[in-house]
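Text of run-v1.cif, listed as mmCIF, C-alpha atoms (C1' of nucleotides):
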data_target
#
loop_
_atom_site.group_PDB
_atom_site.id
_atom_site.type_symbol
_atom_site.label_atom_id
_atom_site.label_comp_id
_atom_site.auth_asym_id
_atom_site.auth_seq_id
_atom_site.Cartn_x
_atom_site.Cartn_y
_atom_site.Cartn_z
ATOM 1 C CA MET A 1 -12.417 -56.329 -79.412
ATOM 2 C CA VAL A 2 -10.456 -54.808 -76.543
ATOM 3 C CA LYS A 3 -7.780 -52.423 -77.680
ATOM 4 C CA SER A 4 -4.386 -52.620 -76.042
ATOM 5 C CA VAL A 5 -0.772 -51.579 -76.463
ATOM 6 C CA THR A 6 2.274 -53.578 -75.477
ATOM 7 C CA PHE A 7 5.826 -52.352 -75.132
ATOM 8 C CA ALA A 8 9.115 -53.710 -73.838
ATOM 9 C CA ARG A 9 9.465 -53.296 -70.099
ATOM 10 C CA PRO A 10 12.195 -50.765 -69.448
ATOM 11 C CA GLN A 11 14.848 -51.078 -66.784
ATOM 12 C CA ASN A 12 13.757 -49.619 -63.446
ATOM 13 C CA PHE A 13 10.080 -50.020 -64.150
ATOM 14 C CA ASP A 14 7.932 -51.905 -61.656
ATOM 15 C CA LEU A 15 4.203 -51.235 -61.401
ATOM 16 C CA ASP A 16 4.099 -52.272 -57.735
ATOM 17 C CA LEU A 17 6.559 -49.537 -56.822
ATOM 18 C CA ILE A 18 5.249 -46.958 -59.273
ATOM 19 C CA PHE A 19 1.719 -47.146 -57.885
ATOM 20 C CA ASP A 20 2.648 -47.863 -54.281
ATOM 21 C CA CYS A 21 5.334 -45.255 -53.700
ATOM 22 C CA GLY A 22 2.775 -42.624 -52.769
ATOM 23 C CA GLN A 23 2.751 -40.406 -55.849
ATOM 24 C CA SER A 24 -0.571 -41.689 -57.171
ATOM 25 C CA PHE A 25 -3.824 -42.293 -55.353
ATOM 26 C CA ARG A 26 -6.192 -43.575 -57.996
ATOM 27 C CA PHE A 27 -4.825 -46.872 -59.277
ATOM 28 C CA VAL A 28 -5.730 -50.095 -57.507
ATOM 29 C CA LYS A 29 -4.246 -53.523 -57.855
ATOM 30 C CA SER A 30 -6.623 -56.197 -59.100
ATOM 31 C CA SER A 31 -6.571 -59.848 -58.177
ATOM 32 C CA ASP A 32 -4.769 -60.589 -61.437
ATOM 33 C CA ASN A 33 -1.928 -58.233 -60.425
ATOM 34 C CA SER A 34 -2.850 -55.557 -62.923
ATOM 35 C CA TYR A 35 -3.361 -51.932 -61.918
ATOM 36 C CA SER A 36 -6.657 -50.364 -62.914
ATOM 37 C CA GLY A 37 -7.576 -46.739 -62.825
ATOM 38 C CA ILE A 38 -8.189 -43.461 -64.559
ATOM 39 C CA ALA A 39 -5.786 -40.880 -65.836
ATOM 40 C CA TYR A 40 -6.332 -38.136 -68.373
ATOM 41 C CA GLY A 41 -9.985 -39.162 -68.558
ATOM 42 C CA ARG A 42 -9.179 -42.645 -69.770
ATOM 43 C CA ALA A 43 -9.730 -45.931 -67.999
ATOM 44 C CA VAL A 44 -6.875 -48.377 -68.421
ATOM 45 C CA ASP A 45 -5.337 -51.509 -66.951
ATOM 46 C CA PHE A 46 -1.573 -51.778 -66.697
ATOM 47 C CA ILE A 47 -0.329 -55.352 -66.852
ATOM 48 C CA GLN A 48 3.271 -56.247 -66.070
ATOM 49 C CA GLU A 49 5.131 -59.322 -67.246
ATOM 50 C CA ASP A 50 8.850 -60.004 -66.965
ATOM 51 C CA ASP A 51 9.771 -58.510 -70.294
ATOM 52 C CA ARG A 52 6.816 -56.379 -71.270
ATOM 53 C CA ILE A 53 4.056 -54.035 -70.178
ATOM 54 C CA THR A 54 0.562 -54.006 -71.637
ATOM 55 C CA ILE A 55 -1.884 -51.139 -71.390
ATOM 56 C CA VAL A 56 -5.404 -52.460 -71.851
ATOM 57 C CA GLY A 57 -7.829 -49.785 -73.018
ATOM 58 C CA ALA A 58 -5.251 -47.762 -74.953
ATOM 59 C CA ASP A 59 -4.533 -47.602 -78.678
ATOM 60 C CA ASN A 60 -1.324 -46.508 -80.371
ATOM 61 C CA CYS A 61 -2.536 -42.964 -80.641
ATOM 62 C CA ASP A 62 -3.172 -42.680 -76.889
ATOM 63 C CA PHE A 63 0.112 -44.389 -76.210
ATOM 64 C CA GLU A 64 2.031 -41.814 -78.227
ATOM 65 C CA ASN A 65 0.080 -38.825 -76.966
ATOM 66 C CA ILE A 66 -0.555 -39.712 -73.340
ATOM 67 C CA TRP A 67 0.955 -42.806 -71.834
ATOM 68 C CA LYS A 68 4.537 -42.373 -73.021
ATOM 69 C CA ARG A 69 4.639 -39.059 -71.220
ATOM 70 C CA TYR A 70 2.622 -40.288 -68.235
ATOM 71 C CA LEU A 71 5.005 -43.189 -67.684
ATOM 72 C CA ALA A 72 8.074 -41.038 -68.407
ATOM 73 C CA LEU A 73 9.210 -43.442 -71.115
ATOM 74 C CA ASP A 74 11.202 -40.587 -72.617
ATOM 75 C CA LEU A 75 13.587 -40.625 -69.651
ATOM 76 C CA ASP A 76 16.542 -42.965 -69.330
ATOM 77 C CA TYR A 77 16.376 -44.091 -65.724
ATOM 78 C CA SER A 78 19.633 -46.043 -65.972
ATOM 79 C CA ALA A 79 21.338 -42.807 -66.875
ATOM 80 C CA LEU A 80 19.594 -40.896 -64.083
ATOM 81 C CA ARG A 81 20.603 -43.528 -61.562
ATOM 82 C CA GLY A 82 24.146 -43.456 -62.871
ATOM 83 C CA GLU A 83 24.180 -39.714 -62.381
ATOM 84 C CA ILE A 84 23.011 -40.080 -58.788
ATOM 85 C CA LEU A 85 25.651 -42.682 -57.998
ATOM 86 C CA SER A 86 28.454 -40.627 -59.476
ATOM 87 C CA SER A 87 27.279 -37.537 -57.592
ATOM 88 C CA ARG A 88 27.226 -39.380 -54.276
ATOM 89 C CA PRO A 89 29.735 -42.224 -54.621
ATOM 90 C CA ASP A 90 30.151 -42.799 -50.884
ATOM 91 C CA ASP A 91 26.482 -42.619 -49.904
ATOM 92 C CA GLU A 92 25.710 -46.171 -48.780
ATOM 93 C CA VAL A 93 22.279 -45.287 -47.425
ATOM 94 C CA LEU A 94 21.203 -43.857 -50.758
ATOM 95 C CA LYS A 95 22.697 -46.854 -52.523
ATOM 96 C CA SER A 96 20.517 -49.162 -50.419
ATOM 97 C CA ALA A 97 17.463 -46.988 -50.987
ATOM 98 C CA MET A 98 18.067 -47.039 -54.731
ATOM 99 C CA GLU A 99 18.360 -50.791 -54.675
ATOM 100 C CA TYR A 100 15.191 -51.153 -52.616
ATOM 101 C CA GLY A 101 13.220 -48.791 -54.840
ATOM 102 C CA SER A 102 14.865 -49.635 -58.158
ATOM 103 C CA GLY A 103 11.510 -50.008 -59.933
ATOM 104 C CA ILE A 104 10.280 -46.538 -58.995
ATOM 105 C CA ARG A 105 9.498 -44.153 -61.834
ATOM 106 C CA LEU A 106 8.087 -40.663 -61.458
ATOM 107 C CA LEU A 107 4.827 -40.321 -63.345
ATOM 108 C CA ARG A 108 3.663 -37.151 -65.048
ATOM 109 C CA GLN A 109 0.128 -37.002 -63.756
ATOM 110 C CA GLU A 110 -2.685 -34.584 -64.453
ATOM 111 C CA LYS A 111 -1.920 -31.194 -63.027
ATOM 112 C CA TRP A 112 -5.271 -30.285 -61.522
ATOM 113 C CA GLU A 113 -5.895 -33.725 -60.064
ATOM 114 C CA THR A 114 -2.415 -33.816 -58.551
ATOM 115 C CA LEU A 115 -2.815 -30.363 -57.046
ATOM 116 C CA CYS A 116 -6.145 -31.268 -55.508
ATOM 117 C CA SER A 117 -4.958 -34.673 -54.303
ATOM 118 C CA PHE A 118 -1.955 -33.258 -52.500
ATOM 119 C CA ILE A 119 -4.014 -30.515 -50.881
ATOM 120 C CA ILE A 120 -6.103 -33.381 -49.531
ATOM 121 C CA SER A 121 -2.970 -35.231 -48.441
ATOM 122 C CA GLN A 122 -1.971 -32.682 -45.807
ATOM 123 C CA ASN A 123 -2.150 -33.913 -42.222
ATOM 124 C CA ASN A 124 -3.905 -37.025 -43.501
ATOM 125 C CA ASN A 125 -3.145 -40.709 -44.025
ATOM 126 C CA ILE A 126 -2.815 -42.562 -47.286
ATOM 127 C CA PRO A 127 -5.928 -44.787 -47.100
ATOM 128 C CA ARG A 128 -8.046 -41.748 -46.306
ATOM 129 C CA ILE A 129 -6.439 -39.663 -49.041
ATOM 130 C CA ARG A 130 -7.331 -42.417 -51.489
ATOM 131 C CA SER A 131 -10.904 -42.658 -50.307
ATOM 132 C CA LEU A 132 -11.421 -38.879 -50.378
ATOM 133 C CA VAL A 133 -10.060 -38.564 -53.922
ATOM 134 C CA GLU A 134 -12.275 -41.469 -54.897
ATOM 135 C CA ALA A 135 -15.323 -39.948 -53.211
ATOM 136 C CA LEU A 136 -14.783 -36.639 -54.978
ATOM 137 C CA SER A 137 -14.516 -38.422 -58.333
ATOM 138 C CA CYS A 138 -17.500 -40.715 -57.806
ATOM 139 C CA ARG A 139 -19.709 -37.853 -56.698
ATOM 140 C CA TYR A 140 -18.695 -35.172 -59.170
ATOM 141 C CA GLY A 141 -16.629 -36.817 -61.925
ATOM 142 C CA ASP A 142 -17.894 -38.386 -65.141
ATOM 143 C CA ARG A 143 -18.553 -42.070 -65.479
ATOM 144 C CA ILE A 144 -15.928 -43.578 -67.775
ATOM 145 C CA GLU A 145 -16.510 -46.750 -69.756
ATOM 146 C CA ALA A 146 -13.912 -49.363 -68.919
ATOM 147 C CA TYR A 147 -13.109 -52.902 -69.932
ATOM 148 C CA SER A 148 -12.322 -54.073 -66.454
ATOM 149 C CA VAL A 149 -14.965 -54.743 -63.839
ATOM 150 C CA GLY A 150 -16.099 -51.984 -61.553
ATOM 151 C CA GLU A 151 -17.139 -48.375 -62.009
ATOM 152 C CA PHE A 152 -14.682 -45.677 -62.952
ATOM 153 C CA TYR A 153 -15.076 -41.937 -62.668
ATOM 154 C CA SER A 154 -12.841 -39.201 -63.961
ATOM 155 C CA PHE A 155 -11.480 -36.633 -61.553
ATOM 156 C CA PRO A 156 -13.834 -33.618 -61.702
ATOM 157 C CA SER A 157 -12.565 -30.522 -63.489
ATOM 158 C CA ALA A 158 -11.598 -27.375 -61.609
ATOM 159 C CA GLU A 159 -14.692 -25.695 -63.065
ATOM 160 C CA ARG A 160 -16.882 -28.436 -61.647
ATOM 161 C CA VAL A 161 -15.227 -28.343 -58.243
ATOM 162 C CA ALA A 162 -15.460 -24.550 -58.155
ATOM 163 C CA GLU A 163 -19.212 -24.659 -58.628
ATOM 164 C CA ILE A 164 -19.686 -27.356 -55.991
ATOM 165 C CA GLY A 165 -18.942 -24.884 -53.224
ATOM 166 C CA ILE A 166 -17.342 -25.281 -49.820
ATOM 167 C CA ASP A 167 -20.386 -26.753 -48.059
ATOM 168 C CA LYS A 168 -20.765 -29.610 -50.533
ATOM 169 C CA LEU A 169 -17.043 -30.274 -50.306
ATOM 170 C CA ARG A 170 -17.367 -30.550 -46.547
ATOM 171 C CA GLU A 171 -20.088 -33.129 -47.007
ATOM 172 C CA LEU A 172 -17.411 -35.333 -48.568
ATOM 173 C CA LYS A 173 -15.575 -35.120 -45.223
ATOM 174 C CA VAL A 174 -12.512 -33.333 -46.508
ATOM 175 C CA GLY A 175 -12.695 -31.276 -43.312
ATOM 176 C CA PHE A 176 -10.604 -28.120 -42.963
ATOM 177 C CA ARG A 177 -9.249 -28.667 -46.486
ATOM 178 C CA ALA A 178 -12.579 -27.696 -48.068
ATOM 179 C CA PRO A 179 -11.789 -23.965 -48.368
ATOM 180 C CA TYR A 180 -8.318 -24.836 -49.665
ATOM 181 C CA ILE A 181 -9.749 -27.036 -52.433
ATOM 182 C CA HIS A 182 -12.283 -24.361 -53.212
ATOM 183 C CA ASP A 183 -9.628 -21.658 -53.482
ATOM 184 C CA ALA A 184 -7.557 -23.835 -55.816
ATOM 185 C CA ALA A 185 -10.590 -24.637 -57.965
ATOM 186 C CA THR A 186 -11.659 -20.995 -58.159
ATOM 187 C CA LYS A 187 -8.219 -19.737 -59.124
ATOM 188 C CA VAL A 188 -7.804 -22.432 -61.794
ATOM 189 C CA ALA A 189 -11.330 -22.206 -63.170
ATOM 190 C CA SER A 190 -11.209 -18.419 -63.427
ATOM 191 C CA GLY A 191 -7.918 -18.519 -65.288
ATOM 192 C CA GLU A 192 -6.144 -16.606 -62.524
ATOM 193 C CA ILE A 193 -3.851 -19.619 -62.480
ATOM 194 C CA ASP A 194 -3.320 -21.358 -65.823
ATOM 195 C CA LEU A 195 -1.880 -24.729 -64.843
ATOM 196 C CA GLU A 196 -0.759 -25.515 -68.390
ATOM 197 C CA ALA A 197 0.974 -22.189 -68.833
ATOM 198 C CA LEU A 198 2.984 -22.828 -65.664
ATOM 199 C CA ASP A 199 4.927 -25.386 -67.709
ATOM 200 C CA ASP A 200 6.901 -22.494 -69.154
ATOM 201 C CA LEU A 201 8.006 -21.109 -65.802
ATOM 202 C CA SER A 202 11.179 -21.852 -63.912
ATOM 203 C CA THR A 203 10.766 -24.204 -60.980
ATOM 204 C CA ASP A 204 10.960 -21.379 -58.438
ATOM 205 C CA GLU A 205 8.301 -19.427 -60.304
ATOM 206 C CA LEU A 206 6.144 -22.542 -60.607
ATOM 207 C CA LEU A 207 6.348 -23.179 -56.869
ATOM 208 C CA SER A 208 5.499 -19.549 -56.084
ATOM 209 C CA ALA A 209 2.482 -19.642 -58.374
ATOM 210 C CA LEU A 210 1.182 -22.825 -56.764
ATOM 211 C CA MET A 211 1.812 -21.445 -53.275
ATOM 212 C CA SER A 212 -0.422 -18.460 -53.992
ATOM 213 C CA ILE A 213 -3.267 -20.909 -53.413
ATOM 214 C CA LYS A 214 -4.507 -21.013 -49.840
ATOM 215 C CA GLY A 215 -3.524 -24.293 -48.225
ATOM 216 C CA VAL A 216 -0.651 -24.937 -50.602
ATOM 217 C CA GLY A 217 2.720 -24.675 -48.914
ATOM 218 C CA LEU A 218 6.168 -25.651 -50.083
ATOM 219 C CA LYS A 219 5.658 -29.368 -49.571
ATOM 220 C CA VAL A 220 2.413 -29.679 -51.514
ATOM 221 C CA ALA A 221 3.687 -27.369 -54.255
ATOM 222 C CA SER A 222 6.851 -29.458 -54.547
ATOM 223 C CA CYS A 223 4.828 -32.657 -54.862
ATOM 224 C CA VAL A 224 2.743 -31.148 -57.650
ATOM 225 C CA ALA A 225 5.852 -29.862 -59.419
ATOM 226 C CA LEU A 226 7.479 -33.279 -59.152
ATOM 227 C CA PHE A 227 4.543 -35.620 -59.801
ATOM 228 C CA ALA A 228 2.652 -33.590 -62.432
ATOM 229 C CA TYR A 229 5.164 -31.210 -63.988
ATOM 230 C CA GLY A 230 8.069 -33.654 -63.983
ATOM 231 C CA ARG A 231 10.350 -31.192 -62.208
ATOM 232 C CA LEU A 232 13.076 -33.536 -61.041
ATOM 233 C CA ASP A 233 14.864 -30.695 -59.289
ATOM 234 C CA CYS A 234 12.098 -30.615 -56.655
ATOM 235 C CA PHE A 235 12.700 -32.336 -53.359
ATOM 236 C CA PRO A 236 9.494 -32.416 -51.266
ATOM 237 C CA ILE A 237 10.271 -32.670 -47.564
ATOM 238 C CA ASP A 238 7.521 -34.363 -45.566
ATOM 239 C CA VAL A 239 7.723 -35.971 -42.144
ATOM 240 C CA TRP A 240 9.176 -39.179 -43.572
ATOM 241 C CA VAL A 241 11.883 -37.492 -45.598
ATOM 242 C CA LYS A 242 12.691 -35.235 -42.655
ATOM 243 C CA ARG A 243 12.976 -38.348 -40.515
ATOM 244 C CA VAL A 244 15.344 -40.106 -42.908
ATOM 245 C CA LEU A 245 17.431 -36.957 -43.356
ATOM 246 C CA ASP A 246 17.740 -36.438 -39.586
ATOM 247 C CA LYS A 247 18.648 -40.077 -39.118
ATOM 248 C CA TYR A 248 21.235 -40.598 -41.825
ATOM 249 C CA TYR A 249 22.375 -37.108 -42.789
ATOM 250 C CA PRO A 250 22.852 -35.198 -39.527
ATOM 251 C CA ASP A 251 25.211 -32.784 -41.288
ATOM 252 C CA GLY A 252 22.569 -31.927 -43.858
ATOM 253 C CA PHE A 253 21.702 -33.121 -47.328
ATOM 254 C CA ASP A 254 22.236 -30.696 -50.187
ATOM 255 C CA HIS A 255 19.647 -31.677 -52.761
ATOM 256 C CA THR A 256 20.438 -28.610 -54.873
ATOM 257 C CA ALA A 257 23.618 -30.398 -55.886
ATOM 258 C CA LEU A 258 21.357 -32.865 -57.761
ATOM 259 C CA PRO A 259 19.572 -30.587 -60.256
ATOM 260 C CA ASN A 260 18.463 -33.419 -62.543
ATOM 261 C CA THR A 261 17.703 -36.111 -59.999
ATOM 262 C CA ALA A 262 16.751 -34.605 -56.623
ATOM 263 C CA GLY A 263 13.110 -35.635 -56.940
ATOM 264 C CA LEU A 264 14.022 -39.197 -57.753
ATOM 265 C CA VAL A 265 16.389 -39.293 -54.787
ATOM 266 C CA GLN A 266 13.563 -37.990 -52.628
ATOM 267 C CA GLN A 267 11.327 -40.844 -53.766
ATOM 268 C CA TYR A 268 14.001 -43.446 -53.091
ATOM 269 C CA LEU A 269 14.596 -42.095 -49.592
ATOM 270 C CA PHE A 270 10.897 -41.679 -48.889
ATOM 271 C CA TYR A 271 10.017 -45.157 -50.066
ATOM 272 C CA TYR A 272 12.958 -46.667 -48.203
ATOM 273 C CA GLU A 273 11.979 -45.049 -44.915
ATOM 274 C CA ARG A 274 8.203 -45.281 -45.261
ATOM 275 C CA PHE A 275 7.664 -48.723 -46.725
ATOM 276 C CA ARG A 276 10.698 -50.806 -45.780
ATOM 277 C CA GLN A 277 9.689 -54.240 -44.334
ATOM 278 C "C1'" DG B 278 -10.391 -41.450 -24.914
ATOM 279 C "C1'" DG B 279 -6.098 -39.215 -26.703
ATOM 280 C "C1'" DG B 280 -2.871 -39.647 -30.417
ATOM 281 C "C1'" DC B 281 -1.847 -39.660 -34.985
ATOM 282 C "C1'" DA B 282 -1.742 -39.052 -40.210
ATOM 283 C "C1'" DG B 283 2.739 -37.272 -46.932
ATOM 284 C "C1'" DG B 284 1.003 -29.748 -43.708
ATOM 285 C "C1'" DT B 285 -0.397 -25.104 -43.526
ATOM 286 C "C1'" DC B 286 -2.315 -21.088 -41.447
ATOM 287 C "C1'" DT B 287 -2.292 -17.808 -37.861
ATOM 288 C "C1'" DA B 288 -0.842 -15.372 -34.012
ATOM 289 C "C1'" DA B 289 2.639 -14.147 -31.087
ATOM 290 C "C1'" DG B 290 7.585 -13.339 -29.594
ATOM 291 C "C1'" DC C 291 12.214 -14.941 -39.046
ATOM 292 C "C1'" DT C 292 11.043 -18.756 -36.076
ATOM 293 C "C1'" DT C 293 7.622 -21.338 -33.532
ATOM 294 C "C1'" DA C 294 3.712 -23.196 -30.917
ATOM 295 C "C1'" DG C 295 -1.357 -24.428 -31.519
ATOM 296 C "C1'" DA C 296 -5.241 -25.465 -34.016
ATOM 297 C "C1'" DC C 297 -7.408 -27.938 -37.484
ATOM 298 C "C1'" DC C 298 -11.696 -32.186 -40.005
ATOM 299 C "C1'" DT C 299 -12.006 -36.943 -39.820
ATOM 300 C "C1'" DG C 300 -11.557 -41.767 -38.907
ATOM 301 C "C1'" DC C 301 -8.968 -45.588 -37.210
ATOM 302 C "C1'" DC C 302 -6.130 -47.415 -33.514
#
Could you write out this file's structure as structure tokens?
Amino acid sequence: MVKSVTFARPQNFDLDLIFDCGQSFRFVKSSDNSYSGIAYGRAVDFIQEDDRITIVGADNCDFENIWKRYLALDLDYSALRGEILSSRPDDEVLKSAMEYGSGIRLLRQEKWETLCSFIISQNNNIPRIRSLVEALSCRYGDRIEAYSVGEFYSFPSAERVAEIGIDKLRELKVGFRAPYIHDAATKVASGEIDLEALDDLSTDELLSALMSIKGVGLKVASCVALFAYGRLDCFPIDVWVKRVLDKYYPDGFDHTALPNTAGLVQQYLFYYERFRQ
DNA sequence: GGGCAGGTCTAAG
DNA sequence: CTTAGACCTGCC
């Protein structure tokens, strides 16, 4: 008997956008249009129908404790979008981007995995980021039983990655990022950085703490704060966002005026510029 | 073969 | 404080 949980599909919730907008690297679309992958050490399939979402491999307990938070079901995206529109009533570009990316939802992913994944993302391309994260998991993660076909491995803990060492990391072809990953793993495994405790810090303090890791600059730290810590006041600026800002907002774009929604705006603009047509 | 990809570090003005 | 170069790797 396969356990599963079904809930009503919220507004602004589309698996294709959620898993294809660049925030997550470990979920893959199956032939039956479901998304399979691992998060928080659990293998699940997300299935989308018009009016409902099913999580195969989850029970009610996991749903309450993990997936509600992961999928940000506690946030009212209609309200967030309303707030954006009222803050920028004359912004037609943003309006188009919001329409185009209306199904986007910011996940709250695992902190360590997100940190490591976005260290890997620097000066890299998305297919290769995916394959490197996958290689790291297959080689050093734990095999997870799943209902869907294929093999699934959890993302290795910081302790595990710390003991791997830089040379073994290089064998995975992460290149110049190997010492960066190692530094992050060492700091987290030793307790010098307590990723959970960072939840209690202000966003500025959180970013500073993350940036004390070698190879973590403002962009990577902002991605971690946004995609793992749910800090919607973060506005990661990568080449694509810089491009869209230069193109449509030559006089500047003040994201600090959007304290509750800046990160969501960033995703709309990023997705609009990066994945349109 | 040279350029490029969700950046960051380092050295130099 | 701002700014070039360099940087693993793989695919075009």
Tell me, as number ranges by chain, which residues lie within 12 Å of DT285 of chain B, counting all atoms listed in the file; anything in the same chain fewer than 2 positions away does not count.
-> A: 119-123, 176-177, 180, 211, 213-221; B: 287; C: 296-297
What residues come out when you apply the PyMOL selection byres ((chain B) within 7 of (chain A)) to this file, written as a PyMOL selection string?
-> chain B and resi 282-285
Counting only C-alpha atoms (C1' of nucleotides), what are the residues of chain C within 9 Å of chain A, and for each of them which pair of atoms is the nearest and at what distance in Å, to one decimal? Sort the table by chain and rising number, as a Markdown table.
| residue | atom | partner | partner_atom | distance |
| --- | --- | --- | --- | --- |
| C:DC297 | C1' | A:Phe176 | CA | 6.3 |
| C:DC298 | C1' | A:Gly175 | CA | 3.6 |
| C:DT299 | C1' | A:Gly175 | CA | 6.7 |
| C:DG300 | C1' | A:Arg128 | CA | 8.2 |
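One distance worth recording is that between atom CA of Asn260 of chain A and atom CA of Lys68 of chain A, which is 19.6 Å.
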How many Å lie between atom CA of Pro179 of chain A and atom CA of Asp199 of chain A, rounded to one decimal?
-> 25.6 Å
Neighbour residues at most 12 Å from (0.8, -44.3, -76.6) (all atoms listed in the file) as an MDAnalysis selection string = chainID A and resid 3:7 44 54:74
